[in-house]
Each structure stands twice: as C-alpha cells, then as structure tokens.
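Asks: Attaching a single structure in structure tokens format; questions to follow.
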Amino acid sequence: MNEAGTERAGEIIDEIMSGSEFNRSGSSIDVSWLKPVLEWINEIRQKVMEWLGRLLEKLFSLLNFKGGGGGGGGAKTVATVVLIVLGAAVLTGLIILAVKLAKTLKKKKKRDMLTEEDLLEFSEAPDAALELARKFRGEGDFRMAYRYLFINLLTELNRGEVIRIARYKTNRFYMREAVGSGRVENGEIAPFFSCFDRVWYGFKNIKQDELDRFFTARDAILFKIDSAGSDSEPDGGAGGEVSG
C-alpha cells in the first residue's frame with residue numbers, strides 16, 4: 001500500500017463520515033464510533049492487499065513473468081493494476097457492510113424512539129393506552145394489544161411517581177428505576193419487559209391466554225402500589241372523632 005493510496009483511503013473515510021447520512025441535525029443515533037471502525041477496515045484492506053501482492057509475486061515467478069527485458073515491467077504493471085482493482089473492491093465491500101450496519105442500528109433506534117414518543121404522548125393519559133390495549137385484544141391483534149398494555153403500565157407507574165418518563169431513558173432504565181423505588185418487585189415487573197422485547201422487537205406472537213395473564217398482572221401491580229400509597233396517608237379525621 002503506497003502513501004498516496006493510504007491518503008486516499010483516509011479521504012474516503014472522511015467523506016463517508018461527513019455525509020448527510022451521519023451528520024443530520026437531530027439524528028437519533030450517534031455514529032461517531034463508525035470512524036474508528038472504518039479505519040480498522042482500512043487496516044484490514046492494507047493487509048489483504050499486501051497478501052495479494054505476495055501471492056501475485058509468487059504467481060508471476062512461477063509463470064516466468066519476471067524474465068529479462070521489458071517483460072518484467074509489463075508484469076509489474078499488470079500486478080499493480082490487479083492490486084488496485086482488488087484493493088478497491090475489498091475496501092468498497094467492507095465500507096458497504098459498515099454502512100449497512102449503521103443503518104440497521106439506526107432503524108432499531110428509530111423503533112425505540114417510536115416507543116418513547118408513545119410514552120410521552122400517553123404519559124398524561126394512561127387510560128387512553130389501556131383502552132387501545134383492550135381494543136386490539138378484542139380485535140385479535142394481541143401483539144398490538146400487548147404494546148399498549150406495556151405503554152399503559154409504564155405511564156401508570158409514571159403517574160404513581162414510581163418512575164419518571166423521560167426521552168433519554170431506555171426500557172431497561174425504567175425497569176431498574178421501578179425496582180429501585182422499592183414499590184415494585186423485580187419478579188413482578190421484569191416479565192413485562194422481557195415479553196415486550198420478545199413480542200415487539202422480536203416480532204414474536206403472543207397468545208391470548210398469555211396476554212390475559214399480563215392484563216391481570218398489571219392490575220395486581222397497580223393495586224399493590226395504590227394500596228401502599230393509601231396505607232401511608234395519615235387519617236385526617238381521626239383526631240376530631242376522639243375529641244368528641
């Protein structure tokens with residue numbers, strides 16, 4: 001790999017990183033990690049080209065392309081052209097793979113953002129999410145029903161001040177926050193999160209009996225939280241009755 005080729009590879013990496021795909025304002029995914037990945041890819045490309053160079057030298061030697069006169073110069077020219085073409089093909093293929101990986105991660109992040117937007121939308125109206133969950137259950141769309149049941153649970157926990165919904169938080173963060181409050185047990189709430197990952201992000205089906213169990217579990221969690229809150233409230237009327 002000559003100095004000009006190395007410099008050009010660096011220019012290609014910079015051009016990719018400066019593209020609108022990776023520098024859109026308000027982008028929902030941080031791809032700053034991609035530059036070192038591309039640099040690593042360039043190192044791999046250099047090693048591949050060095051290996052190809054050694055292989056071609058052996059091949060030309062076996063075929064007596066390194067003979068006297070002008071034949072050697074012609075062989076070197078052919079070898080250089082082949083190396084450039086193969087090197088460019090390797091670099092292009094690796095960059096395409098890296099860009100596809102970035103786009104895949106971006107799509108996944110976008111799905112996460114849709115959930116966050118729904119949480120923000122329903123945080124002031126948890127009952128609306130519950131109504132949608134019941135609606136989809138009645139229509140037989142159990143996957144969508146579970147989505148809105150999960151959203152309802154989180155928004156209800158937000159209303160009960162067990163968690164605080166915020167744009168930067170992930171589902172895993174919400175689970176730790178709920179358990180950390182001391183008002184919800186891990187065994188009570190963790191199945192909701194694992195099922196959501198499986199059903200929504202994993203595109204797996206959920207059967208009606210399992211969905212119904214989560215409806216019941218949701219009621220039990222909220223009843224427990226409400227009961228604990230009621231028990232902790234002072235009885236304001238007791239003093240008046242005693243004084244009588």
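In the structure tokens, the first chain shown is A, the next is B, and so on; residue numbers restart at 1 for each chain, and ligands run from 1 in the order shown.
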Neighbouring residues of Val179 (chain A) were defined as those with any atom within 9 Å, considering only C-alpha atoms; residues of the same chain fewer than 5 positions away were excluded. Please report them as a PyMOL selection string.

Replies: chain A and resi 162+174+184-186+189

Asks: So what do you get for CA of Gly202 (chain A) versus CA of Arg164 (chain A), distance-wise?

Replies: 25.9 Å

Asks: Smallest atom-to-atom distance to Ala128 (chain A): which of A:Glu177, A:Asp141, A:Glu210, A:Glu156, using only C-alpha atoms?

Replies: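 Counting only C-alpha atoms, the residue closest to Ala128 (chain A) is A:Glu156.
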
Asks: Can you tell me, as number ranges by chain, what residues are no more than 7 Å from Phe142 (chain A) when counting only C-alpha atoms, ignoring any on the same chain fewer than 5 positions away?

Replies: A: 136-137, 206-208

Asks: Could you write out that same residue set with N, CA, C and O atoms as an mmCIF file, in the first residue's frame?

Replies:
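Heads up, here's the output in result27.cif:
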```
data_model
loop_
_atom_site.group_PDB
_atom_site.id
_atom_site.type_symbol
_atom_site.label_atom_id
_atom_site.label_comp_id
_atom_site.auth_asym_id
_atom_site.auth_seq_id
_atom_site.Cartn_x
_atom_site.Cartn_y
_atom_site.Cartn_z
ATOM 1 N N PHE A 136 -57.461 -3.586 20.809
ATOM 2 C CA PHE A 136 -56.711 -4.521 19.970
ATOM 3 C C PHE A 136 -56.888 -5.960 20.446
ATOM 4 O O PHE A 136 -56.904 -6.884 19.622
ATOM 5 N N ARG A 137 -57.028 -6.159 21.743
ATOM 6 C CA ARG A 137 -57.280 -7.512 22.234
ATOM 7 C C ARG A 137 -58.619 -8.010 21.706
ATOM 8 O O ARG A 137 -58.739 -9.165 21.274
ATOM 9 N N ILE A 206 -47.855 -13.512 20.568
ATOM 10 C CA ILE A 206 -48.253 -13.741 21.947
ATOM 11 C C ILE A 206 -49.679 -14.276 21.930
ATOM 12 O O ILE A 206 -50.544 -13.749 21.223
ATOM 13 N N LYS A 207 -49.919 -15.332 22.661
ATOM 14 C CA LYS A 207 -51.243 -15.947 22.671
ATOM 15 C C LYS A 207 -52.172 -15.201 23.620
ATOM 16 O O LYS A 207 -51.721 -14.498 24.528
ATOM 17 N N GLN A 208 -53.448 -15.400 23.404
ATOM 18 C CA GLN A 208 -54.428 -14.651 24.192
ATOM 19 C C GLN A 208 -54.338 -14.979 25.680
ATOM 20 O O GLN A 208 -54.454 -14.075 26.518
#
```

Asks: In Å, rounded to a single decimal, give me how far CA of Ile95 (chain A) is from CA of Gln46 (chain A).

Replies: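 Taking CA of Gln46 (chain A) and CA of Ile95 (chain A), their separation equals 13.8 Å.
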